[in-house]
Amino acid sequence: MATIEDIGVSAAINILSAMIFLLAFAFLRLQPINDRVYFPKWYLKGARQSPGHGGASVRKFVNLDMRSYLKFLSWMPAALQMPEDELISHAGLDSAVYLRIYLVGLKIFVPITILAFLVLVPVNWTNETLEGMTVQHSDIDKLSISNIPYGSKRFIAHLTMAYVFTFWTCYVLLREYGIVATMRLRFLASEKRRPDQFTVLVRNIPPDPDESIGELAEHFFLVNHPDHYLTQQVVYNANKLAKLVKEKKKVQNWLDYYQLKYERNTSKRPTVKTGFLGCFGSKVDAIEHYASEIERIENEEAEERERIMKDPKLVVPAAFVSFRSRWGAAVCAQTQQTSNPTVWLTEWAPEPRDVYWDNLSIPVVHLTVRRLIIAVAFFFLNFFYIVPITFVQSLANLQGIEKAVPFLKPLIEMPTIKSFIQGFLPGIALKIFLILLPSILMFMSKVEGLTSVSSLERRSASKFYIFIFFNVFLTSIIAGSALEQLQSYLHQSANQIPRTIGVAIPMKATFFITYVMVDGWAGVAGEILRLKPLVIFHLKNFFLVKTEKDREEAMDPGSIGFDSNEPQIQLYFLLGLVYAVVTPFLLPFILIFFVLAYVVYRHQIINVYNQEYESAAAFWPSVHGRIITALIISQLLFLGLLSTKGAGQSTPVLLVLPVVTFYFHKYCKNRFEPAFVEYPLQEAMRKDTLERAREPGFDLKTYLADAYIHPVFKGDNDDEKFSMGDEGEAEQVLVATKRQSRRNTPVPSRHNGSEVPSLPEIVNEQRL
């Protein structure tokens, strides 16, 4: 169990690490050679050029202006100076609202920390309960509720603070939900024209033997949305083609590398082995080999493109349908299209850069089975991770380590080594075990079949939060307490074990303190250093870059990483709310995290990250819901804890809190969540009216023509071959069809022996 000395050692290590990261960043960002690593967002916007042109060649790589080094910390105030409205214009609403999560943490925990240290810490400290018990403890635990005598009236202070903390948290969440909802509506009202505002994704289009998917979709919407339908773009299963394009790009990089290598030394042709990982097989000329590989891939690409055009099986029963107005798209996206709720399923189309094309080819009927399989897999993943999490907890238990490796006992007993093991090692070990988890959860979300990057990130974030709650939080508490208090459990009667657990759980705050310092202090400081992108950029710049375009592609601005970062933030909310009443000593460590993370991520959003999509803060209901969940969990755990401390009579008083919190959540859900789910028709009509008045002659059809063409087709000369939209904008009374049924159309069909005229023929007849 970590003592104050152990926490001090851990704090020293993590503060030193954070300072090294921040100082290294402050130095590296000033060097011209690193400019594209630390300011890529401005390059992508065209607002910044490579420094150091002209003059001494050394100035292109090293900053020789000594005065700039005196202001090496100027990035901190600069990150805070940009107003929020300008930040939204610069980086988008998603980025601005993401930063508000850190502000919510500060708004909640600053007053809570002050109250807890003024009221609860003196109440806890002025007792000697732990001195007379057999459980292991440290001086830090004397600041916790564990030091309150069994059945003491002092628990009234904790009950009162539980109410105060709950009402304050709800007040902050209510205000913030209203602010974010207003920001979202204002953003949508002022946002420039985007394809997704006029487009609906239609899935599970029922097959018809007489019409293609494109013809069927066009016919359906001309009949059922005659005044608003504009055009449509069917979806093709181009996953194989996309893999070929990706493989070609990879091979092209190798070809560029060897060509540059040969240009630097023309006396020797570069060679490469054709076997596994370039380590086995016959040795061949590298340039000729990769040139032939590119030629082979290009031939396969051409064949695959032709197959997509001719094979009807590669047309997915889905389409992006565009309308003449936002109002028309809103009506279609938010209503049921037929009496059969399983076909012609409509939803708002993601913006083009947000579409996850690989999953559009998955049949809708497979989604339920996929999600069931992933749910089972996720359960076993949680169960599997109990083993490494328990191992992490064993690192904090010196007796367990000494028993496992007795020959290391003299080394472990050394004060410095002991403090390192108990104060630093568990936190870093837990962080290492969690490194691969976000990638695993993202893969599982992709298997579920979600069709947008934003929805994939939100689903992965939900899984990560559940995992963190059960494994990082609950398993750490249960396994850690059991390992530390094993001797106490073995030498007391069974009816005393719950009481011992009630005393031991608050003591796990020391483990979470070490984790907060590793992940929340050193980890956040490491984020701004961007060591991995720095190394990769310079490797690419040296081996692959030929032109300015190549140099721009070598940049890796990255993004916020909502799927991994937001659940980690929620862990700090959970820890803060759970331990605010139980062990207030944890709160200052969490406050430092929120302050440091807010400054660092604000800088990154302004200068580095290039967000992959814009969802207009659609993730906020999930953020709000998870904080509410943490609040209810804290109330239930506090209720259970008091029951083991002889304060069972307080149960009716405490039961009110989760009930009130739940109904508060329902109120917020009913009051604010519709603004994040539906698009108000009034707003849609207002924006359409203003736009028509300002730009009466705008050609919307041309604007939307290739918005939802698969990226592998864009830039080709064959784009028009993949666009299934109708030509011209004639107003049609009769709708052409090849179907053998006369349902939904007055046009003669094969069913009555008449020949079906084409759509252009009907339009021409109507004009005559």
# chains A, B, ... in the order shown; residues from 1 in each chain; ligands from 1
$ residues_around --residues "region 289-305 of chain A" --least-positions-apart "5" --cutoff "10 Å" --atoms "only C-alpha atoms" --output "MDAnalysis selection string"
chainID A and resid 238 240:245 247:256 258 271:274 283:284 310 712:713 718
$ residues_around --residues "Leu115 (chain A)" --least-positions-apart "3" --cutoff "10 Å" --atoms "only C-alpha atoms" --output "ChimeraX atom specification"
/A:109-112,118-121,161,164-165,580,584
$ closest_residue --among "A:Glu215, A:Glu678, A:Glu552, A:Asp563" --to "Leu456 (chain A)" --atoms "only C-alpha atoms"
A:Asp563
$ select_by_dssp --residues "region 256-309 of chain A" --states "strand (DSSP E)" --output "number ranges by chain"
A: 271-273, 283-285
$ residues_around --residues "Lys45 (chain A)" --least-positions-apart "2" --cutoff "12 Å" --atoms "only C-alpha atoms" --output "ChimeraX atom specification"
/A:39-43,47-49,90-91,552,606-610
$ closest_residue --among "A:Ile628, A:Ile13, A:Leu425, A:Ile156" --to "Lys666 (chain A)" --atoms "only C-alpha atoms"
A:Ile628
$ residues_around --residues "Met442 (chain A)" --least-positions-apart "4" --cutoff "9 Å" --atoms "only C-alpha atoms" --output "number ranges by chain"
A: 437-438, 446-447, 456-457, 459-461, 563
$ closest_residue --among "A:Val223, A:Leu73, A:Cys170, A:Ala162" --to "Leu22 (chain A)" --atoms "only C-alpha atoms"
A:Leu73
$ closest_residue --among "A:Asn14, A:Gln233, A:Ile417, A:Asp6" --to "Ala522 (chain A)" --atoms "only C-alpha atoms"
A:Asn14
$ residues_around --residues "Leu529 (chain A)" --least-positions-apart "4" --cutoff "8 Å" --atoms "only C-alpha atoms" --output "PDB file with N, CA and C atoms, in the first residue's frame"
ATOM      1  N   PHE A  21       9.016  16.696 -20.909  1.00  0.00           N
ATOM      2  CA  PHE A  21       8.218  16.698 -22.138  1.00  0.00           C
ATOM      3  C   PHE A  21       7.886  18.124 -22.567  1.00  0.00           C
ATOM      4  N   LEU A  22       7.461  18.955 -21.617  1.00  0.00           N
ATOM      5  CA  LEU A  22       7.053  20.317 -21.950  1.00  0.00           C
ATOM      6  C   LEU A  22       8.248  21.163 -22.396  1.00  0.00           C
ATOM      7  N   ALA A  24      11.051  19.978 -23.720  1.00  0.00           N
ATOM      8  CA  ALA A  24      11.473  19.462 -25.027  1.00  0.00           C
ATOM      9  C   ALA A  24      10.564  19.998 -26.126  1.00  0.00           C
ATOM     10  N   PHE A  25       9.260  20.020 -25.852  1.00  0.00           N
ATOM     11  CA  PHE A  25       8.324  20.579 -26.832  1.00  0.00           C
ATOM     12  C   PHE A  25       8.607  22.062 -27.071  1.00  0.00           C
ATOM     13  N   ALA A 525       1.256  15.608 -20.891  1.00  0.00           N
ATOM     14  CA  ALA A 525       2.438  16.360 -21.320  1.00  0.00           C
ATOM     15  C   ALA A 525       3.127  15.670 -22.494  1.00  0.00           C
TER      16      ALA A 525
END
$ residues_around --residues "Gln337 (chain A)" --least-positions-apart "4" --cutoff "12 Å" --atoms "only C-alpha atoms" --output "list in words"
Val202, Arg203, Asn204, Ile205, Phe220, Phe221, Val223, Asn224, His225, Val331, Cys332, Ala333, Pro341, Thr342, Val343, Trp344, Leu345, Thr346 and Glu347 of chain A
$ closest_atom_pairs --of "region 23-103 of chain A" --to "region 571-577 of chain A" --cutoff "12 Å" --atoms "only C-alpha atoms" --output "Markdown table"
| residue | atom | partner | partner_atom | distance |
| --- | --- | --- | --- | --- |
| A:Ile101 | CA | A:Phe573 | CA | 10.1 |
| A:Tyr102 | CA | A:Phe573 | CA | 9.9 |
| A:Leu103 | CA | A:Phe573 | CA | 11.9 |
$ closest_residue --among "A:Leu636, A:Ile592, A:Lys261, A:Pro557" --to "Leu544 (chain A)" --atoms "only C-alpha atoms"
A:Lys261
$ closest_residue --among "A:Leu174, A:Ile478, A:Ala597, A:Met183" --to "Ile528 (chain A)" --atoms "only C-alpha atoms"
A:Ala597
$ atom_distance --atom1 "CA of Arg458 (chain A)" --atom2 "CA of Thr629 (chain A)"
16.5 Å
$ atom_distance --atom1 "CA of Val656 (chain A)" --atom2 "CA of Leu639 (chain A)"
10.8 Å
$ select_by_dssp --residues "region 265-397 of chain A" --states "alpha helix (DSSP H)" --output "PyMOL selection string"
chain A and resi 286-310+326-333+364-384+386-395
